[in-house]
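**Student:** Can you read through this structure? Questions will come right after.
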Amino acid sequence: MSVLSYPCPELFTVQPKQPLEKKPGQLSSQQIQQYFSEGFLVVDDFFDVTNELDPCKDAIDELVDELTNVLYAEGKIEDTYKSASFFERLTLIEKEYPGANVILHKFGEMPEIIRKLWSNDRLLNMIEQLIGPDIAGHPVWNLRTKTPKNTATTVPWHQDVAYLDSDSYIVHQPTAWIPLLDADESNGCLQVMRAGHRKGLVAKHTGCWKNTWYVELDEKEMEKTLGVDVEKDIVTCPIRYGGMLLFNNMLPHRSLPNRSEKIRWSLDLRWQTPLQPYGFHGLRDGIPMRSASDPTFKIDWDTYFGPRRQLKLKNDGSDAIAVGPWMKLWEITHENEHTRWNLKTTKEIFWHAGDA
């Protein structure tokens with residue numbers, strides 16, 4: 001497949017007109033400049049961990065409990081590991097039932113407290129500085145279940161747009177990567193390729209990396225197409241609990257292996273302007289969150305998410321399999337169970353959200 005290009009690199013390098021009003025959560029002019037110049041920004045101590053992030057961990061714990069009960073009831077595991085900690089329980093379950101972390105990743109149920117975090121006024125005030133006053137939550141969001149020493153939870157170099165259709169190539173979609181503990185090189189923090197967004201190009205990716213459903217961007221391809229210097233431009237981004245990493249959808253990035261003994265839980269949350277295409281292969285639109293013309297606008301969560309779903313296992317062996325439209329966009333240079341499932345089914349087993 002040839003390299004894809006489009007005419008609007010300035011979307012990712014030139015900041016929009018800034019709001020005149022000073023609001024809580026806004027970035028400094030220096031921070032905004034770095035975001036557009038380098039494609040990323042580390043924002044320390046943004047969240048109130050007690051009132052905003054700790055409740056997210058409690059809600060995720062309930063999802064783990066739901067998964068555990070389903071696996072136990074169906075005889076897939078012999079223990080519920082109820083006494084294990086938030087950072088250990090899923091690892092123990094995974095040892096008995098490999099792929100349990102993938103099932104939770106695929107489930108796509110967003111607890112109410114995480115919805116509130118996603119649409120937090122302070123967070124939207126910051127996003128307004130990056131894309132303007134009309135804001136929608138992008139349908140690509142993820143709960144990351146990065147269990148220790150697990151290849152399936154390590155993500156190779158990629159640009160997020162490689163998972164979306166070509167409509168998304170001319171849309172600025174900021175991502176906030178929010179770890180739910182101190183994230184560093186030992187437990188799998190992110191690395192970014194500084195300024196890899198500046199040409200406004202989507203480089204050629206291939207699929208699928210090792211035993212995962214992830215596409216991969218080769219470092220030599222990045223240097224040739226995106227003009228980066230791999231020796232100089234890789235930046236490791238440790239994030240303290242309460243902070244986040246902001247980056248745009250053109251910036252190459254990857255996550256490192258989790259070599260610790262704890263699960264590295266994290267959230268990927270994304271936004272864009274609601275009048276632009278979401279690039280989601282026609283599967284789903286985003287959810288409007290803020291309107292410049294209607295300061296009393298209310299988010300319609302019920303229509304967007306629908307009724308609360310119950311987690312169920314399938315009988316066809318696809319519970320821990322992920323396939324999606326991106327597998328048809330790029331050359332498959334490495335086959336695995338995910339790519340083989342993709343060839344034999346026309347039904348989408350997975351895509352509540354996307355990669356990252």
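Residue names in the structure tokens use chain letters A, B, ... in the order shown, residue numbers from 1 in each chain, and ligand numbers from 1 in the order shown.
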Could you give me, as a list in words, the residues within 12 Å of Glu74 of chain A, counting only C-alpha atoms and dropping anything in the same chain fewer than 6 positions from it?

**Tutor:**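 Here the qualifying residues turn out to be Leu67, Thr68, Tyr97, Lys312, Leu313, Lys314 and Asn315 of chain A.
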
**Student:** Using only C-alpha atoms, determine which residues lie at most 12 Å from Val171 of chain A, disregarding the query and same-chain residues fewer than 5 positions distant; provide the list as a list of chain:residue names.

**Tutor:**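 Those residues are A:Tyr6, A:Pro7, A:Cys8, A:Pro9, A:Glu10, A:Leu11, A:Phe12, A:Leu130, A:Ile131, A:His138, A:Asp160, A:Val161, A:Leu164, A:Asp165, A:Ser166, A:Gly200, A:Asn248, A:Asn249, A:Met250, A:Trp271, A:Gln272, A:Thr273, A:Pro274, A:Leu275, A:Gln276, A:Pro277, A:Tyr278, A:Gly279.
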
**Student:** Within 9 Å of His205 of chain A, counting only C-alpha atoms, which residues qualify if same-chain residues fewer than 5 places away don't, as JSON, numbers by chain?

**Tutor:** {"A": [1, 3, 158, 159, 162, 215, 216, 217, 218, 221, 329, 330, 331]}

**Student:** Do a neighbour search on Asp54 of chain A at 12 Å with only C-alpha atoms, toss out local chain neighbours closer than 6 positions, and write the hits as number ranges by chain.

**Tutor:** A: 47-48, 60-61, 86, 113-114, 117, 179-181, 241-242, 265

**Student:** Just the strand (DSSP E or B) stuff from segment 6-218 of chain A, please, per backbone DSSP, written as a JSON list (two decimals) with C-alpha atoms, in the first residue's frame.

**Tutor:**
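For reference, result-v7.json as written:
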[["chain", "number", "residue", "atom", "x", "y", "z"],
["A", 40, "PHE", "CA", 2.80, 15.96, 22.49],
["A", 41, "LEU", "CA", 2.74, 17.42, 25.97],
["A", 42, "VAL", "CA", 3.13, 15.97, 29.47],
["A", 43, "VAL", "CA", 0.67, 17.63, 31.86],
["A", 135, "ILE", "CA", -16.22, 19.42, 21.04],
["A", 136, "ALA", "CA", -17.27, 15.78, 20.68],
["A", 137, "GLY", "CA", -15.93, 12.69, 22.37],
["A", 142, "ASN", "CA", -9.93, 2.50, 25.59],
["A", 143, "LEU", "CA", -9.50, 1.00, 29.01],
["A", 144, "ARG", "CA", -5.99, -0.46, 28.97],
["A", 145, "THR", "CA", -5.41, -3.68, 30.92],
["A", 146, "LYS", "CA", -1.63, -3.91, 30.73],
["A", 158, "HIS", "CA", 2.00, 3.40, 15.13],
["A", 175, "THR", "CA", -5.69, 12.05, 22.86],
["A", 176, "ALA", "CA", -5.24, 12.14, 26.63],
["A", 177, "TRP", "CA", -3.41, 9.07, 27.91],
["A", 178, "ILE", "CA", -4.19, 8.83, 31.63],
["A", 179, "PRO", "CA", -2.40, 6.20, 33.74],
["A", 183, "ALA", "CA", 3.78, 5.10, 34.94],
["A", 190, "LEU", "CA", 4.55, 5.53, 26.44],
["A", 191, "GLN", "CA", 7.26, 6.67, 24.08],
["A", 192, "VAL", "CA", 6.60, 9.23, 21.34],
["A", 193, "MET", "CA", 8.49, 10.17, 18.18],
["A", 201, "LEU", "CA", 1.49, 12.23, 6.52],
["A", 202, "VAL", "CA", 0.29, 8.75, 7.33],
["A", 206, "THR", "CA", 1.90, -3.40, 8.38],
["A", 207, "GLY", "CA", 0.00, -5.99, 10.38],
["A", 216, "GLU", "CA", 3.14, -1.62, 13.24]]

**Student:** Which of segment 216-246 of chain A counts as helix (DSSP H, G or I) under DSSP, as a PyMOL selection string please?

**Tutor:** chain A and resi 219-226+230-233

**Student:** Under the rule that only C-alpha atoms are counted, which of A:Pro24, A:Ala322, A:Arg198, A:Asp65 is the nearest residue to Ser83 of chain A?

**Tutor:**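 Of A:Pro24, A:Ala322, A:Arg198, A:Asp65, the one nearest Ser83 of chain A is A:Asp65, counting only C-alpha atoms.
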
**Student:** Which residues are close to Val228 of chain A, i.e. within 12 Å by only C-alpha atoms, leaving aside same-chain residues fewer than 5 positions away? Reply as a list in words.

**Tutor:** Glu38, Val192, Met193, Arg194, Ala195, Gly196, His197, Arg198, Lys199, Ala203, Glu219, Lys220, Glu221, Met222, Glu223, Asp233, Ile234, Leu251 and Pro252 of chain A

**Student:** Calculated over only C-alpha atoms, which of the candidates A:Asn125, A:Ser168, A:Thr296, A:Ser37 has the smallest distance to Leu20 of chain A?

**Tutor:**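 Ranked by minimum distance to Leu20 of chain A, first place goes to A:Asn125.
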
**Student:** Identify, on the basis of only C-alpha atoms, every residue whose closest approach to Asn258 of chain A does not exceed 8 Å; exclude the query and any residue fewer than 2 positions from it along the same chain; express the result as an NGL selection string.

**Tutor:** :A and (146-150 or 154 or 185-188 or 256 or 260 or 263-264)

**Student:** Taking only C-alpha atoms into account, name the residue in A:Pro139, A:Pro257, A:Gly39, A:Pro98 that is nearest to Arg284 of chain A.

**Tutor:** A:Pro139
